[in-house]
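S.K.: So here's target27.cif, just mmCIF, C-alpha atoms:
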```cif
data_start
#
loop_
_atom_site.label_atom_id
_atom_site.label_comp_id
_atom_site.auth_asym_id
_atom_site.auth_seq_id
_atom_site.Cartn_x
_atom_site.Cartn_y
_atom_site.Cartn_z
CA MET D 1 -3.85 17.95 6.53
CA PRO D 2 -6.86 18.64 4.28
CA ILE D 3 -9.91 16.47 3.69
CA ASP D 4 -10.88 15.85 0.09
CA GLN D 5 -14.61 16.57 -0.08
CA SER D 6 -15.38 14.12 -2.88
CA SER D 7 -13.72 11.09 -1.29
CA GLN D 8 -13.93 12.22 2.36
CA LEU D 9 -10.33 11.12 2.90
CA TYR D 10 -7.56 12.81 4.83
CA TYR D 11 -4.52 13.31 2.65
CA GLU D 12 -1.23 15.16 2.59
CA VAL D 13 -0.04 16.96 -0.52
CA SER D 14 3.28 18.51 -1.49
CA GLY D 15 5.16 19.49 -4.62
CA PRO D 16 4.44 21.84 -7.54
CA GLU D 17 0.77 22.22 -8.36
CA VAL D 18 1.46 22.02 -12.09
CA ALA D 19 3.58 18.87 -11.88
CA GLN D 20 2.48 15.31 -12.62
CA SER D 21 0.86 13.68 -9.60
CA ILE D 22 1.88 10.53 -7.73
CA VAL D 23 -0.61 8.98 -5.31
CA PHE D 24 0.91 6.72 -2.63
CA LEU D 25 -1.29 4.09 -0.94
CA HIS D 26 -0.01 2.64 2.32
CA GLY D 27 -0.17 -0.89 3.69
CA GLY D 28 -2.52 -2.14 6.40
CA GLY D 29 -1.79 -1.26 10.00
CA VAL D 30 0.17 1.88 9.15
CA ALA D 31 -0.81 5.12 7.38
CA GLY D 32 0.41 7.70 4.89
CA TRP D 33 3.46 8.45 7.05
CA MET D 34 5.20 5.34 5.66
CA TRP D 35 5.85 7.33 2.45
CA HIS D 36 7.80 10.22 4.05
CA LYS D 37 11.12 9.20 2.46
CA GLN D 38 9.59 8.90 -1.02
CA VAL D 39 7.82 12.23 -0.73
CA GLN D 40 10.97 13.98 0.46
CA ALA D 41 12.88 12.65 -2.54
CA LEU D 42 10.22 13.26 -5.20
CA GLN D 43 8.32 16.40 -4.16
CA ALA D 44 10.68 18.76 -6.01
CA GLU D 45 9.59 17.24 -9.33
CA TYR D 46 6.20 15.69 -8.65
CA ARG D 47 3.00 16.59 -6.86
CA CYS D 48 2.76 13.90 -4.18
CA LEU D 49 -0.63 12.99 -2.71
CA VAL D 50 -0.64 10.69 0.30
CA PRO D 51 -4.09 9.72 1.60
CA ASP D 52 -4.87 7.63 4.65
CA LEU D 53 -7.05 4.75 3.51
CA PRO D 54 -10.63 4.45 4.86
CA GLU D 55 -10.84 3.51 8.57
CA GLN D 56 -7.06 3.84 8.90
CA GLY D 57 -4.66 6.56 10.03
CA LYS D 58 -6.50 9.83 10.53
CA ASN D 59 -9.67 8.21 9.17
CA ALA D 60 -9.72 5.44 11.80
CA ARG D 61 -12.18 7.11 14.18
CA THR D 62 -14.08 9.34 11.78
CA ASP D 63 -14.92 6.97 8.91
CA THR D 64 -18.39 5.50 9.29
CA THR D 65 -18.13 3.23 6.23
CA PRO D 66 -16.48 -0.16 6.86
CA PHE D 67 -13.27 -0.64 4.90
CA THR D 68 -13.48 -2.71 1.73
CA THR D 69 -10.84 -2.89 -1.00
CA GLU D 70 -13.34 -1.98 -3.70
CA GLY D 71 -14.78 0.88 -1.67
CA ALA D 72 -11.31 2.25 -1.01
CA ALA D 73 -10.49 2.08 -4.73
CA ASP D 74 -13.66 4.02 -5.55
CA ARG D 75 -12.70 6.76 -3.10
CA ILE D 76 -9.12 6.94 -4.38
CA ALA D 77 -10.51 7.36 -7.90
CA GLN D 78 -12.61 10.26 -6.60
CA LEU D 79 -9.55 11.78 -4.93
CA ILE D 80 -7.55 11.57 -8.17
CA ARG D 81 -10.34 13.12 -10.22
CA SER D 82 -10.75 16.04 -7.81
CA GLN D 83 -7.16 16.75 -6.75
CA THR D 84 -4.98 16.13 -9.82
CA HIS D 85 -4.54 17.95 -13.11
CA GLY D 86 -6.47 16.19 -15.83
CA GLY D 87 -7.88 13.70 -13.34
CA GLN D 88 -4.98 11.29 -13.73
CA ALA D 89 -1.99 10.24 -11.61
CA HIS D 90 0.76 7.69 -11.21
CA VAL D 91 -0.38 5.36 -8.42
CA VAL D 92 1.92 3.41 -6.07
CA GLY D 93 0.65 0.90 -3.52
CA LEU D 94 2.21 -1.51 -1.05
CA SER D 95 0.49 -4.57 0.45
CA GLU D 96 -3.12 -3.58 1.21
CA GLY D 97 -2.53 -0.38 -0.72
CA ALA D 98 -1.37 -2.53 -3.65
CA GLN D 99 -4.65 -4.46 -3.51
CA VAL D 100 -6.45 -1.13 -3.76
CA VAL D 101 -4.38 -0.28 -6.85
CA VAL D 102 -5.34 -3.62 -8.43
CA SER D 103 -9.01 -2.91 -7.74
CA LEU D 104 -8.57 0.58 -9.19
CA LEU D 105 -7.02 -0.89 -12.34
CA SER D 106 -10.01 -3.22 -12.73
CA HIS D 107 -12.69 -0.55 -12.84
CA SER D 108 -11.11 2.92 -13.18
CA PRO D 109 -7.90 2.52 -15.22
CA GLU D 110 -8.52 5.87 -16.88
CA VAL D 111 -7.37 7.71 -13.73
CA ILE D 112 -3.96 5.95 -13.78
CA ASP D 113 -0.93 6.93 -15.85
CA HIS D 114 1.57 4.37 -14.50
CA ALA D 115 1.02 2.00 -11.59
CA MET D 116 3.32 0.18 -9.19
CA VAL D 117 1.85 -2.78 -7.31
CA SER D 118 4.09 -4.05 -4.51
CA SER D 119 3.12 -7.33 -2.79
CA ALA D 120 -0.59 -7.58 -3.54
CA ILE D 121 -1.83 -10.94 -2.24
CA MET D 122 -4.70 -12.39 -4.30
CA ARG D 123 -4.46 -16.06 -3.41
CA PRO D 124 -5.33 -17.83 -0.16
CA LEU D 125 -2.60 -17.21 2.41
CA TRP D 126 -1.97 -20.04 4.86
CA VAL D 127 -1.91 -17.75 7.91
CA ALA D 128 -5.46 -16.56 7.14
CA GLN D 129 -6.88 -19.85 8.41
CA PHE D 130 -5.85 -18.82 11.92
CA TYR D 131 -7.80 -15.55 11.75
CA PRO D 132 -11.56 -16.07 11.48
CA ARG D 133 -13.68 -13.11 12.49
CA TRP D 134 -13.83 -14.06 16.19
CA ALA D 135 -10.04 -14.53 16.36
CA ILE D 136 -9.42 -11.06 14.92
CA VAL D 137 -11.79 -9.50 17.44
CA TRP D 138 -10.16 -11.23 20.38
CA SER D 139 -6.67 -10.52 19.06
CA TYR D 140 -7.55 -6.84 19.23
CA ARG D 141 -8.98 -7.14 22.74
CA TRP D 142 -6.06 -9.17 24.08
CA PHE D 143 -3.06 -7.82 22.17
CA ILE D 144 -3.84 -4.24 21.08
CA ALA D 145 -6.40 -2.53 23.30
CA PRO D 146 -4.59 -3.19 26.63
CA PHE D 147 -1.19 -2.13 25.25
CA LYS D 148 -1.85 1.15 23.44
CA ASN D 149 0.52 3.02 25.78
CA ASN D 150 3.10 0.25 26.14
CA ASP D 151 6.12 1.37 24.10
CA TRP D 152 7.91 -1.98 24.46
CA TRP D 153 4.94 -3.87 23.01
CA ILE D 154 4.47 -1.33 20.23
CA ARG D 155 8.14 -1.62 19.27
CA LEU D 156 7.86 -5.41 19.23
CA ASN D 157 4.94 -5.19 16.80
CA MET D 158 6.79 -2.64 14.70
CA HIS D 159 9.95 -4.75 14.46
CA SER D 160 7.95 -7.87 13.59
CA ASN D 161 6.75 -5.97 10.53
CA GLY D 162 10.30 -5.10 9.50
CA ILE D 163 9.96 -1.42 10.45
CA SER D 164 12.88 0.38 12.12
CA ASP D 165 12.84 2.59 15.22
CA ALA D 166 13.09 5.67 13.00
CA TYR D 167 9.35 5.28 12.41
CA PHE D 168 8.42 4.64 16.04
CA ALA D 169 6.42 7.83 16.73
CA ASP D 170 4.34 7.39 13.59
CA PHE D 171 3.86 3.66 14.11
CA LYS D 172 2.78 4.28 17.70
CA SER D 173 0.20 6.78 16.48
CA SER D 174 -1.23 4.26 14.00
CA PHE D 175 -1.23 1.54 16.65
CA GLN D 176 -3.19 3.79 19.00
CA GLU D 177 -5.61 4.88 16.26
CA THR D 178 -6.52 1.30 15.36
CA THR D 179 -10.01 0.32 16.47
CA GLU D 180 -11.55 -3.12 16.76
CA ALA D 181 -13.78 -2.46 13.76
CA SER D 182 -10.98 -1.05 11.60
CA LEU D 183 -8.70 -4.02 12.32
CA LEU D 184 -11.47 -6.51 11.60
CA ASN D 185 -12.50 -4.89 8.32
CA MET D 186 -8.89 -4.36 7.19
CA LEU D 187 -7.80 -7.98 7.77
CA LEU D 188 -10.95 -9.54 6.35
CA ALA D 189 -10.62 -7.42 3.20
CA ASN D 190 -6.96 -8.38 2.89
CA PHE D 191 -7.54 -12.12 3.33
CA ARG D 192 -10.54 -12.25 1.00
CA PHE D 193 -9.16 -10.22 -1.92
CA ARG D 194 -8.97 -12.15 -5.20
CA MET D 195 -8.20 -11.29 -8.81
CA PRO D 196 -10.93 -8.85 -9.94
CA ALA D 197 -12.56 -8.95 -13.35
CA GLY D 198 -11.62 -6.44 -16.01
CA LEU D 199 -7.85 -6.27 -15.53
CA GLU D 200 -7.27 -7.47 -19.09
CA LYS D 201 -8.75 -4.14 -20.26
CA ALA D 202 -6.39 -1.99 -18.17
CA ASN D 203 -4.02 -0.71 -20.85
CA VAL D 204 -1.76 0.91 -18.26
CA PRO D 205 1.96 0.30 -17.62
CA VAL D 206 2.08 -1.65 -14.34
CA LEU D 207 5.19 -2.66 -12.41
CA VAL D 208 4.44 -5.68 -10.21
CA THR D 209 6.96 -6.29 -7.40
CA VAL D 210 7.41 -8.91 -4.69
CA GLY D 211 10.12 -9.76 -2.19
CA ARG D 212 12.25 -12.81 -2.98
CA LYS D 213 11.64 -14.17 0.53
CA GLU D 214 7.88 -13.63 0.55
CA TYR D 215 5.33 -16.45 0.71
CA ALA D 216 4.80 -18.59 -2.38
CA ALA D 217 1.18 -17.35 -2.61
CA MET D 218 2.45 -13.77 -2.80
CA LYS D 219 4.89 -14.61 -5.59
CA GLN D 220 2.21 -16.51 -7.48
CA SER D 221 -0.15 -13.55 -7.11
CA ALA D 222 2.49 -11.37 -8.75
CA LEU D 223 2.86 -13.85 -11.60
CA ASP D 224 -0.92 -13.94 -12.01
CA LEU D 225 -1.03 -10.16 -12.34
CA VAL D 226 1.75 -10.02 -14.90
CA LYS D 227 -0.07 -12.64 -16.94
CA VAL D 228 -3.43 -10.86 -17.02
CA LEU D 229 -2.38 -7.19 -17.27
CA PRO D 230 -1.54 -6.31 -20.89
CA LYS D 231 1.30 -3.87 -20.08
CA ALA D 232 2.74 -5.35 -16.88
CA ARG D 233 6.31 -6.17 -15.90
CA GLY D 234 7.30 -8.21 -12.85
CA ILE D 235 10.40 -7.89 -10.68
CA MET D 236 11.67 -9.34 -7.39
CA VAL D 237 13.27 -7.41 -4.54
CA ALA D 238 16.23 -9.05 -2.80
CA LEU D 239 17.75 -7.16 0.13
CA GLY D 240 20.49 -9.62 1.01
CA SER D 241 20.92 -12.90 2.84
CA LYS D 242 20.34 -11.32 6.26
CA SER D 243 17.09 -9.59 5.33
CA SER D 244 13.77 -10.99 6.54
CA LEU D 245 10.50 -11.62 4.73
CA ALA D 246 9.00 -8.63 6.55
CA GLU D 247 11.87 -6.34 5.53
CA GLU D 248 11.51 -7.26 1.87
CA HIS D 249 7.74 -6.85 2.09
CA SER D 250 8.13 -3.39 3.65
CA TRP D 251 10.95 -2.26 1.35
CA ALA D 252 9.51 1.23 0.94
CA MET D 253 10.70 1.77 4.53
CA THR D 254 13.61 -0.69 4.81
CA ALA D 255 15.19 0.22 1.45
CA PRO D 256 13.67 3.66 0.74
CA ASP D 257 16.35 4.80 -1.72
CA LEU D 258 15.92 1.69 -3.88
CA PHE D 259 12.14 1.95 -3.71
CA THR D 260 12.17 5.62 -4.69
CA ALA D 261 14.62 5.03 -7.54
CA THR D 262 12.35 2.24 -8.79
CA VAL D 263 9.26 4.45 -8.71
CA LYS D 264 11.02 7.29 -10.52
CA ALA D 265 12.51 5.06 -13.20
CA TRP D 266 9.19 3.32 -13.82
CA ILE D 267 7.03 6.41 -14.19
CA GLU D 268 9.68 8.07 -16.38
CA ASP D 269 9.99 5.00 -18.64
CA ARG D 270 13.69 4.56 -17.86
CA PRO D 271 15.65 1.38 -17.03
CA LEU D 272 14.98 0.04 -13.55
CA PRO D 273 17.73 -0.21 -10.90
CA SER D 274 20.10 -3.08 -11.55
CA ASP D 275 19.60 -4.38 -7.98
CA LEU D 276 16.17 -5.72 -8.94
CA LEU D 277 15.71 -9.29 -10.17
CA PRO D 278 13.37 -10.73 -12.82
CA LEU D 279 10.18 -12.20 -11.43
CA SER D 280 10.26 -15.98 -11.49
#
```
Just give me the structure as C-alpha cells.
M.R.:
Amino acid sequence: MPIDQSSQLYYEVSGPEVAQSIVFLHGGGVAGWMWHKQVQALQAEYRCLVPDLPEQGKNARTDTTPFTTEGAADRIAQLIRSQTHGGQAHVVGLSEGAQVVVSLLSHSPEVIDHAMVSSAIMRPLWVAQFYPRWAIVWSYRWFIAPFKNNDWWIRLNMHSNGISDAYFADFKSSFQETTEASLLNMLLANFRFRMPAGLEKANVPVLVTVGRKEYAAMKQSALDLVKVLPKARGIMVALGSKSSLAEEHSWAMTAPDLFTATVKAWIEDRPLPSDLLPLS
C-alpha cells in the first residue's frame, strides 16, 4: 500500500492507469477495506483509489494531525490532484466519508466529476447528546481498549453496525487500530458537521442517498443537500422489511451489488437501478 506524498495518506489503487478514476471514502470506525466488493467489480474499467482517512485505518497510529472533516477533504483533494489523470475523479463516500465528500464539494468541486453522498448527517442527531467529550474517552477506555483481542466482543460491535462475518478480519484490524484520540476526533467531527457554505456553487452531478429506515435527521440532511446542490438527485435505499437501520446505512457492504450498480449507473449517466426509491 503506497503513501501519497502530497496528502500523506495511505491508499490502495487498482485498475488501468489511463482509465477514469473513482475515489472511495469509507465510514467512521472502519477503513478502505469496506470497498473491496466495489473495487473488485469496477477495477476492470476504472482506476479505483481507496484511501484510509486521517487517523483511521493504516493512518490511525501514524497521523499526527487530529481528524477534522474539512482537513480530510483538503487531503483528499491533494490526493486526487496528485494521483489521477487531469486532477479529477468520481468521488463516492459513505457516512463520515460522505461528510468529507460534502466538504470537498463546498471548497474544491473542480476535482470532482460525479459524486455520490451516502448518509451524510448534517443536522443534530439525538444520540449525540449522550456522547460529550468525556463520555467518548471513557467509552474507549471501558469498551474498546480492554477488548481489542476479544473476538466475541468485536463481532458484537461489527454486527451492531450491520456488517457481516465476511468482513470480520478487516473489522477486527480496524477495531484494534483505533486509538483514544482517533475515536474522539472522529466522533466529534461527525456529530458537529453542518451544512458548509459554498455548496450552491458546486456545479457537479451529485447523487444523495439515504436508507429508508434511517433517522429522520439523516433523511432531512439528504433533503437539505438536494435542495442546495444545483445538480443533485436524491434516492432512498430500502432493503426489505427484515433489514435494520444499520444494514441500510451500511449498504455498500450489506447490498454490495446494488451499491456498485448504483455507482456505475450514476457516473455513466445511465438510469439508476429500479430497486431504489425517490427521496421523500
S.K.: Neighbouring residues of Ser103 (chain D) were defined as those with any atom within 12 Å, considering all atoms listed in the file; residues of the same chain fewer than 3 positions away were excluded. Please report them as JSON, numbers by chain.
M.R.: {"D": [68, 69, 70, 71, 72, 73, 74, 75, 76, 77, 91, 93, 96, 97, 98, 99, 100, 106, 107, 108, 109, 112, 115, 117, 120, 122, 189, 193, 194, 195, 196, 197, 198, 199, 202, 225]}
S.K.: Taking (0.9, 1.6, 11.9) in the file's coordinates, which residues come within 7 Å, counting all atoms listed in the file, written as a PDB file with C-alpha atoms, keeping the file's coordinate frame?
M.R.:
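The resulting file, selection18.pdb, is reproduced below:
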```
ATOM      1  CA  GLY D  29      -1.790  -1.260  10.000  1.00  0.00           C
ATOM      2  CA  VAL D  30       0.170   1.880   9.150  1.00  0.00           C
ATOM      3  CA  ALA D  31      -0.810   5.120   7.380  1.00  0.00           C
ATOM      4  CA  ASP D 170       4.340   7.390  13.590  1.00  0.00           C
ATOM      5  CA  PHE D 171       3.860   3.660  14.110  1.00  0.00           C
ATOM      6  CA  LYS D 172       2.780   4.280  17.700  1.00  0.00           C
ATOM      7  CA  SER D 173       0.200   6.780  16.480  1.00  0.00           C
ATOM      8  CA  SER D 174      -1.230   4.260  14.000  1.00  0.00           C
ATOM      9  CA  PHE D 175      -1.230   1.540  16.650  1.00  0.00           C
TER      10      PHE D 175
END
```
S.K.: Given only C-alpha atoms as the basis, pick out the residue of D:Gln5, D:Ala217, D:Glu45, D:Lys231 nearest to Trp126 (chain D).
M.R.: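 Ranking D:Gln5, D:Ala217, D:Glu45, D:Lys231 by distance to Trp126 (chain D), first place goes to D:Ala217.
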S.K.: Kindly give the distance, in Å, that separates CA of Met218 (chain D) and CA of Met236 (chain D), rounded to a single decimal.
M.R.: 11.2 Å
S.K.: Neighbouring residues of Pro16 (chain D) were defined as those with any atom within 8 Å, considering all atoms listed in the file; residues of the same chain fewer than 6 positions away were excluded. Please report them as a ChimeraX atom specification.
M.R.: /D:43-47
S.K.: Kindly save the residues from that selection, with C-alpha atoms included, as a short mmCIF file (atom, residue, chain, number, x, y, z; two decimals), in the coordinates of the input.
M.R.:
```cif
data_model
loop_
_atom_site.label_atom_id
_atom_site.label_comp_id
_atom_site.auth_asym_id
_atom_site.auth_seq_id
_atom_site.Cartn_x
_atom_site.Cartn_y
_atom_site.Cartn_z
CA GLN D 43 8.32 16.40 -4.16
CA ALA D 44 10.68 18.76 -6.01
CA GLU D 45 9.59 17.24 -9.33
CA TYR D 46 6.20 15.69 -8.65
CA ARG D 47 3.00 16.59 -6.86
#
```
S.K.: Quick one: residues within 12 Å of Ile144 (chain D), only C-alpha atoms, excluding same-chain residues fewer than 6 positions away - as a list in words?
M.R.: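 Listed by chain and then number, they are Gly29, Ile136, Val137, Trp138, Asn150, Asp151, Trp153, Ile154, Leu156, Asn157, Lys172, Ser174, Phe175, Gln176, Glu177, Thr178, Thr179, Glu180 and Leu183 of chain D.
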S.K.: Could you check the closest approach to Val228 (chain D) for each of D:Arg192, D:Arg61, D:His249, D:Lys201 and tell me which residue wins, using all atoms listed in the file?
M.R.: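 Result for the nearest residue to Val228 (chain D): D:Lys201.
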